[in-house]
$ cat entry22.cif   # mmCIF, C-alpha atoms and all ligand atoms
data_coords
loop_
_atom_site.label_atom_id
_atom_site.label_comp_id
_atom_site.auth_asym_id
_atom_site.auth_seq_id
_atom_site.Cartn_x
_atom_site.Cartn_y
_atom_site.Cartn_z
CA MET A 177 1.54 -2.23 24.14
CA ALA A 178 -0.95 -5.14 24.48
CA SER A 179 -4.08 -2.94 24.54
CA ASN A 180 -2.79 -0.82 21.61
CA LYS A 181 -1.93 -3.83 19.52
CA LYS A 182 -3.40 -3.36 16.05
CA ASN A 183 -4.19 -5.64 13.10
CA ILE A 184 -2.44 -4.07 10.10
CA LEU A 185 -3.29 -5.24 6.59
CA ILE A 186 -0.59 -4.36 4.02
CA THR A 187 -0.58 -5.14 0.30
CA GLY A 188 2.78 -5.54 -1.45
CA VAL A 189 5.02 -6.71 1.40
CA SER A 190 7.60 -8.62 -0.69
CA ARG A 191 9.97 -5.65 -0.91
CA GLY A 192 10.24 -1.88 -0.71
CA LEU A 193 7.98 0.19 1.53
CA GLY A 194 5.54 -2.66 2.20
CA ARG A 195 8.23 -4.93 3.58
CA ALA A 196 9.88 -2.20 5.65
CA MET A 197 6.50 -1.23 7.16
CA ALA A 198 5.69 -4.88 7.93
CA GLU A 199 9.00 -5.34 9.77
CA GLU A 200 8.61 -2.10 11.75
CA PHE A 201 4.95 -2.71 12.74
CA ILE A 202 5.87 -6.22 13.94
CA ARG A 203 8.89 -4.87 15.86
CA LEU A 204 6.46 -2.54 17.68
CA GLY A 205 4.24 -5.50 18.65
CA HIS A 206 1.47 -5.18 16.06
CA THR A 207 0.10 -8.02 13.91
CA VAL A 208 0.74 -7.78 10.18
CA LEU A 209 -1.38 -9.51 7.54
CA GLY A 210 0.43 -9.01 4.26
CA CYS A 211 0.33 -10.11 0.67
CA GLY A 212 2.38 -10.07 -2.49
CA ARG A 213 2.61 -12.10 -5.68
CA SER A 214 5.98 -13.69 -4.92
CA GLU A 215 5.59 -17.14 -3.35
CA LYS A 216 9.21 -17.27 -2.23
CA GLU A 217 9.02 -13.92 -0.41
CA MET A 218 5.71 -14.78 1.31
CA ARG A 219 7.13 -18.12 2.51
CA GLN A 220 10.28 -16.45 3.80
CA LEU A 221 8.29 -13.71 5.61
CA GLN A 222 6.00 -16.31 7.24
CA GLN A 223 9.06 -18.21 8.53
CA GLN A 224 10.65 -15.02 9.85
CA PHE A 225 7.39 -13.67 11.37
CA PRO A 226 5.13 -16.57 12.42
CA ALA A 227 1.46 -16.41 13.48
CA PRO A 228 -0.43 -14.35 14.42
CA ASN A 229 1.27 -12.55 11.49
CA GLY A 230 0.19 -13.95 8.14
CA PHE A 231 1.62 -13.65 4.64
CA SER A 232 -0.33 -14.80 1.60
CA VAL A 233 0.34 -15.08 -2.11
CA VAL A 234 -2.27 -12.76 -3.60
CA ASP A 235 -2.40 -10.75 -6.81
CA VAL A 236 -4.49 -7.73 -5.81
CA ALA A 237 -5.51 -7.22 -9.44
CA ASP A 238 -7.46 -10.50 -9.24
CA ASP A 239 -10.76 -9.91 -7.43
CA ASP A 240 -11.28 -13.64 -6.76
CA GLN A 241 -7.87 -13.95 -5.11
CA VAL A 242 -8.57 -10.90 -2.93
CA ALA A 243 -11.99 -12.32 -1.97
CA ALA A 244 -10.38 -15.62 -0.92
CA TRP A 245 -7.67 -13.78 1.05
CA ALA A 246 -10.27 -11.66 2.87
CA GLY A 247 -12.30 -14.77 3.67
CA LYS A 248 -9.25 -16.40 5.25
CA VAL A 249 -8.03 -13.31 7.14
CA LEU A 250 -11.43 -12.28 8.51
CA VAL A 251 -12.10 -15.76 9.93
CA ALA A 252 -8.82 -15.81 11.86
CA HIS A 253 -8.60 -12.10 12.84
CA THR A 254 -10.78 -9.10 13.58
CA ALA A 255 -11.25 -6.53 10.79
CA PRO A 256 -8.07 -4.54 10.07
CA ASP A 257 -7.52 -1.50 12.29
CA LEU A 258 -5.26 -0.08 9.59
CA LEU A 259 -5.57 -1.09 5.93
CA LEU A 260 -2.57 -0.03 3.83
CA ASN A 261 -3.14 -0.24 0.09
CA ASN A 262 0.56 -0.08 -0.77
CA ALA A 263 1.02 -2.49 -3.72
CA ALA A 264 1.56 -0.72 -7.03
CA LEU A 265 3.38 -0.87 -10.37
CA ILE A 266 5.09 1.86 -12.36
CA ASN A 267 5.39 1.83 -16.16
CA ARG A 268 8.83 1.67 -17.76
CA ASN A 269 9.96 5.24 -18.47
CA ALA A 270 8.45 6.15 -21.86
CA PRO A 271 6.22 8.76 -23.47
CA LEU A 272 2.56 7.81 -23.34
CA TRP A 273 2.29 7.01 -27.05
CA LYS A 274 4.99 4.36 -26.67
CA ILE A 275 3.21 2.53 -23.82
CA SER A 276 1.53 -0.65 -25.05
CA ALA A 277 -2.11 -1.33 -24.25
CA GLU A 278 -0.95 -4.30 -22.12
CA GLU A 279 1.41 -2.21 -20.01
CA PHE A 280 -1.16 0.57 -19.49
CA SER A 281 -3.73 -2.03 -18.40
CA ALA A 282 -1.28 -3.69 -16.00
CA VAL A 283 -0.63 -0.38 -14.20
CA VAL A 284 -4.35 0.44 -13.96
CA ASP A 285 -5.23 -3.13 -12.91
CA VAL A 286 -2.92 -3.02 -9.88
CA ASN A 287 -2.89 0.66 -8.92
CA LEU A 288 -6.64 1.38 -9.20
CA LYS A 289 -8.56 -1.87 -9.58
CA GLY A 290 -6.34 -3.69 -7.07
CA VAL A 291 -6.90 -0.99 -4.45
CA THR A 292 -10.64 -1.20 -5.08
CA ASN A 293 -10.65 -5.01 -4.85
CA VAL A 294 -9.06 -4.79 -1.39
CA ILE A 295 -11.55 -2.12 -0.31
CA ARG A 296 -14.47 -4.21 -1.64
CA HIS A 297 -13.55 -7.27 0.42
CA PHE A 298 -12.15 -5.80 3.66
CA VAL A 299 -13.98 -2.53 4.29
CA PRO A 300 -17.44 -4.07 5.00
CA ALA A 301 -15.94 -5.81 8.06
CA MET A 302 -14.42 -2.49 9.21
CA ILE A 303 -17.80 -0.77 8.74
CA ALA A 304 -19.53 -3.57 10.69
CA ARG A 305 -17.08 -3.01 13.56
CA GLY A 306 -17.46 0.78 13.30
CA SER A 307 -13.77 1.70 13.17
CA GLY A 308 -10.67 1.53 11.01
CA ILE A 309 -8.31 3.61 8.88
CA ILE A 310 -7.78 3.06 5.15
CA VAL A 311 -4.58 4.48 3.66
CA ASN A 312 -4.29 4.40 -0.12
CA PHE A 313 -0.71 4.97 -1.26
CA SER A 314 -0.54 7.89 -3.65
CA SER A 315 2.65 9.69 -4.70
CA GLY A 316 4.17 13.09 -5.34
CA TRP A 317 3.07 12.09 -8.86
CA GLY A 318 -0.51 11.92 -7.58
CA ARG A 319 -0.36 15.69 -7.05
CA SER A 320 2.14 16.77 -9.75
CA THR A 321 3.19 15.39 -13.14
CA ASP A 322 6.34 14.43 -15.05
CA ALA A 323 7.29 13.17 -18.48
CA ASN A 324 7.57 9.39 -19.08
CA VAL A 325 5.35 8.31 -16.16
CA ALA A 326 1.89 9.25 -17.50
CA PRO A 327 0.19 5.88 -16.76
CA TYR A 328 1.53 5.90 -13.19
CA CYS A 329 0.54 9.59 -12.71
CA ALA A 330 -2.94 8.89 -14.05
CA THR A 331 -3.46 6.10 -11.52
CA LYS A 332 -2.06 8.07 -8.57
CA TRP A 333 -4.18 11.15 -9.42
CA GLY A 334 -7.01 8.59 -9.61
CA ILE A 335 -6.14 7.33 -6.12
CA GLU A 336 -6.47 10.87 -4.78
CA GLY A 337 -9.99 11.22 -6.23
CA LEU A 338 -11.09 7.67 -5.42
CA THR A 339 -9.97 8.02 -1.80
CA ARG A 340 -11.56 11.40 -1.19
CA SER A 341 -14.83 10.16 -2.69
CA LEU A 342 -14.66 6.98 -0.56
CA ALA A 343 -14.11 9.23 2.49
CA GLN A 344 -17.49 10.85 1.82
CA GLU A 345 -19.17 7.43 1.80
CA LEU A 346 -17.72 6.03 5.04
CA PRO A 347 -19.74 6.07 8.26
CA PRO A 348 -18.42 7.89 11.36
CA GLY A 349 -15.54 6.08 13.05
CA LEU A 350 -13.76 5.20 9.78
CA ALA A 351 -11.37 7.24 7.65
CA ALA A 352 -9.82 6.96 4.20
CA VAL A 353 -6.79 9.07 3.26
CA PRO A 354 -4.50 9.28 0.22
CA LEU A 355 -0.86 9.23 1.33
CA ASN A 356 2.22 10.56 -0.43
CA PRO A 357 5.02 8.53 1.20
CA GLY A 358 7.85 10.82 0.01
CA ILE A 359 10.80 9.64 -2.13
CA ILE A 360 12.49 6.42 -1.03
CA ASN A 361 15.18 4.25 -2.62
CA THR A 362 13.17 1.18 -3.69
CA ALA A 363 13.08 -0.96 -6.84
CA MET A 364 10.27 1.27 -8.09
CA LEU A 365 12.33 4.44 -7.64
CA GLN A 366 15.35 2.81 -9.29
CA SER A 367 13.13 2.04 -12.29
CA CYS A 368 12.33 5.73 -12.85
CA PHE A 369 15.35 7.57 -11.31
CA ALA A 370 18.08 5.01 -12.20
CA GLY A 371 21.35 5.88 -10.35
CA GLY A 372 19.74 8.99 -8.77
CA ALA A 373 17.69 6.77 -6.45
CA SER A 374 20.63 6.05 -4.16
CA SER A 375 20.61 9.59 -2.71
CA PHE A 376 17.20 8.93 -1.10
CA PRO A 377 16.51 7.14 2.22
CA THR A 378 16.28 3.37 2.40
CA PRO A 379 12.86 1.82 3.09
CA ALA A 380 14.01 0.84 6.61
CA GLU A 381 15.08 4.44 7.39
CA TRP A 382 11.78 5.76 5.98
CA ALA A 383 9.71 3.25 8.01
CA LYS A 384 11.09 4.62 11.32
CA THR A 385 9.20 7.88 10.60
CA ALA A 386 6.36 6.54 8.48
CA VAL A 387 5.10 3.82 10.83
CA PRO A 388 4.56 6.11 13.87
CA PHE A 389 2.95 8.65 11.49
CA LEU A 390 0.55 5.98 10.15
CA LEU A 391 -0.35 4.83 13.67
CA LYS A 392 -1.45 8.39 14.54
CA ILE A 393 -3.98 8.77 11.68
CA LYS A 394 -7.45 9.19 13.22
CA ALA A 395 -11.05 9.11 12.01
CA ALA A 396 -10.95 12.93 12.15
CA ASN A 397 -8.41 12.88 9.28
CA ASN A 398 -11.01 11.35 6.94
CA GLY A 399 -10.52 12.59 3.36
CA GLU A 400 -7.36 14.59 4.15
CA PRO A 401 -4.52 14.16 1.62
CA MET A 402 -1.48 13.33 3.78
CA THR A 403 2.30 13.24 3.29
CA VAL A 404 4.84 11.35 5.41
CA PRO A 405 7.11 13.99 7.00
CA HIS A 406 10.81 13.78 6.20
N1 LIG A 501 9.48 4.52 -3.58
C1 LIG A 501 9.05 5.77 -3.70
O1 LIG A 501 9.82 6.74 -3.72
C2 LIG A 501 7.58 6.05 -3.83
C3 LIG A 501 7.19 7.37 -4.06
C4 LIG A 501 5.84 7.67 -4.17
C5 LIG A 501 4.89 6.66 -4.02
N2 LIG A 501 5.30 5.38 -3.80
C6 LIG A 501 4.25 4.36 -3.63
O2 LIG A 501 4.57 3.56 -2.50
C7 LIG A 501 4.08 2.22 -2.71
C8 LIG A 501 5.22 1.23 -2.54
O3 LIG A 501 6.20 1.50 -3.54
P1 LIG A 501 7.66 0.84 -3.53
O4 LIG A 501 8.58 1.90 -3.95
O5 LIG A 501 7.88 0.10 -2.27
O6 LIG A 501 7.51 -0.20 -4.77
P2 LIG A 501 8.26 -1.59 -5.05
O7 LIG A 501 9.57 -1.62 -4.41
O8 LIG A 501 8.16 -1.80 -6.52
O9 LIG A 501 7.30 -2.64 -4.29
C9 LIG A 501 5.99 -2.84 -4.76
C10 LIG A 501 5.36 -3.96 -3.96
O10 LIG A 501 4.04 -4.18 -4.49
C11 LIG A 501 3.89 -5.59 -4.74
N3 LIG A 501 2.95 -5.77 -5.84
C12 LIG A 501 3.05 -5.29 -7.11
N4 LIG A 501 2.01 -5.71 -7.84
C13 LIG A 501 1.24 -6.48 -7.02
C14 LIG A 501 0.04 -7.20 -7.19
N5 LIG A 501 -0.58 -7.23 -8.37
N6 LIG A 501 -0.48 -7.86 -6.13
C15 LIG A 501 0.15 -7.84 -4.93
N7 LIG A 501 1.30 -7.18 -4.70
C16 LIG A 501 1.83 -6.51 -5.75
C17 LIG A 501 5.30 -6.08 -5.06
O11 LIG A 501 5.46 -7.45 -4.77
P3 LIG A 501 5.32 -8.65 -5.84
O12 LIG A 501 6.05 -8.20 -7.08
O13 LIG A 501 5.90 -9.83 -5.16
O14 LIG A 501 3.86 -8.80 -6.05
C18 LIG A 501 6.11 -5.27 -4.04
O15 LIG A 501 6.09 -5.90 -2.79
C19 LIG A 501 3.45 2.23 -4.10
O16 LIG A 501 2.08 2.48 -4.01
C20 LIG A 501 4.14 3.39 -4.80
O17 LIG A 501 3.39 3.91 -5.86
C21 LIG A 501 6.62 5.05 -3.71
#
$ encode --input "entry22.cif" --output "structure tokens"
Amino acid sequence: MASNKKNILITGVSRGLGRAMAEEFIRLGHTVLGCGRSEKEMRQLQQQFPAPNGFSVVDVADDDQVAAWAGKVLVAHTAPDLLLNNAALINRNAPLWKISAEEFSAVVDVNLKGVTNVIRHFVPAMIARGSGIIVNFSSGWGRSTDANVAPYCATKWGIEGLTRSLAQELPPGLAAVPLNPGIINTAMLQSCFAGGASSFPTPAEWAKTAVPFLLKIKAANNGEPMTVPH
């Protein structure tokens, strides 16, 4: 494992898919550098998984916070081998005309601007090294639509376009892919599916398939919309 040990950067590790991926990558011997907004969760993760793993309180929607995080991470570690833009928000179920300007902005600020902030501050180091994989979390709702989730759909369709365009800008050796993770029983799914969420896999069950799948993404996959098999 030592020679295959990778530096994995994950946004949104406090709960859900981000946390399950962090735990599974670390179990396999990789180093995880994660962030989330919750101070309590980041402190608890750092105690559970000490250095070289690192967990920082960062709001990805805040470009200055992401810049400071990148500065800290890139001094202590090499550029990420795998950058997982996982953090996202979903709007409360409602038709578009009932979504306030504040709520629409919050979804866009995290799901599109947050992803771009992370790319802005980490990808130059990956380009300088000449290798690395960027995975931007999309959704089934980045390729289809549904009522009551228009702001979320708009951002995930945006992620598909943003990522495929980014893929055309990257030099050889790097790849960017949009990823549909499938349907998993997390707080986000409970917000839109309510009781129906419990019939889907837990994040820990999902991570057993998703993490090996993520580790196999290669530069040759650049620009390819991907889906975690289930
Ligand atoms: N669950 C599914 O079935 C499903 C399906 C399709 C796509 N996805 C996608 O998969 C990804 C993970 O979803 P999930 O279901 O695990 O969601 P979740 O349970 O709601 O977790 C979201 C994570 O993102 C973090 N986060 C939110 N805003 C943030 C910000 N501004 N800065 C930093 N971290 C932030 C949250 O932590 P804090 O609140 O502590 O910041 C949390 O750790 C998302 O991109 C989602 O769109 C999920």
$ residues_around --input "entry22.cif" --residues "Pro327 of chain A" --least-positions-apart "4" --cutoff "7 Å" --atoms "all atoms listed in the file" --output "CSV table (one decimal) with C-alpha atoms, keeping the file's coordinate frame"
chain,number,residue,atom,x,y,z
A,267,ASN,CA,5.4,1.8,-16.2
A,280,PHE,CA,-1.2,0.6,-19.5
A,283,VAL,CA,-0.6,-0.4,-14.2
A,331,THR,CA,-3.5,6.1,-11.5
$ closest_atom_pairs --input "entry22.cif" --of "chain A" --to "ligand LIG 501 (chain A)" --cutoff "6 Å" --atoms "all atoms listed in the file" --output "tab-separated table"
residue	atom	partner	partner_atom	distance
A:Thr187	CA	A:LIG501	N7	5.7
A:Gly188	CA	A:LIG501	C11	3.5
A:Val189	CA	A:LIG501	O15	4.4
A:Ser190	CA	A:LIG501	O15	3.8
A:Arg191	CA	A:LIG501	O15	4.3
A:Gly192	CA	A:LIG501	O5	3.5
A:Leu193	CA	A:LIG501	O5	3.8
A:Gly194	CA	A:LIG501	O5	5.8
A:Gly212	CA	A:LIG501	N7	3.8
A:Arg213	CA	A:LIG501	O14	3.5
A:Ser214	CA	A:LIG501	O13	3.9
A:Val234	CA	A:LIG501	C15	5.6
A:Asp235	CA	A:LIG501	N6	3.5
A:Val236	CA	A:LIG501	N6	4.0
A:Ala237	CA	A:LIG501	N5	5.0
A:Asn262	CA	A:LIG501	O16	4.4
A:Ala263	CA	A:LIG501	O10	3.5
A:Ala264	CA	A:LIG501	O16	4.4
A:Leu265	CA	A:LIG501	C12	5.5
A:Val286	CA	A:LIG501	N5	5.0
A:Phe313	CA	A:LIG501	O16	4.6
A:Ser314	CA	A:LIG501	C5	5.6
A:Ser315	CA	A:LIG501	C4	3.8
A:Gly316	CA	A:LIG501	C4	5.8
A:Asn356	CA	A:LIG501	C5	5.9
A:Pro357	CA	A:LIG501	C4	5.5
A:Gly358	CA	A:LIG501	C3	5.4
A:Ile359	CA	A:LIG501	O1	3.4
A:Ile360	CA	A:LIG501	O1	3.8
A:Asn361	CA	A:LIG501	N1	5.8
A:Thr362	CA	A:LIG501	O7	4.6
A:Ala363	CA	A:LIG501	O7	4.3
A:Met364	CA	A:LIG501	O8	4.0
A:Leu365	CA	A:LIG501	N1	5.0
$ residues_around --input "entry22.cif" --residues "Arg219 of chain A" --least-positions-apart "4" --cutoff "8 Å" --atoms "all atoms listed in the file" --output "PyMOL selection string"
chain A and resi 215+223+231
$ residues_around --input "entry22.cif" --residues "segment 335-338 of chain A" --least-positions-apart "4" --cutoff "7 Å" --atoms "all atoms listed in the file" --output "PyMOL selection string"
chain A and resi 288+312+314+318+331+342+354
$ residues_around --input "entry22.cif" --residues "His297 of chain A" --least-positions-apart "3" --cutoff "10 Å" --atoms "all atoms listed in the file" --output "NGL selection string"
:A and (239-240 or 242-247 or 250 or 292-294 or 300-301)
$ atom_distance --input "entry22.cif" --atom1 "atom CA of Gly372 of chain A" --atom2 "atom CA of Ala326 of chain A"
19.9 Å
$ atom_distance --input "entry22.cif" --atom1 "atom CA of Leu350 of chain A" --atom2 "atom CA of His253 of chain A"
18.3 Å
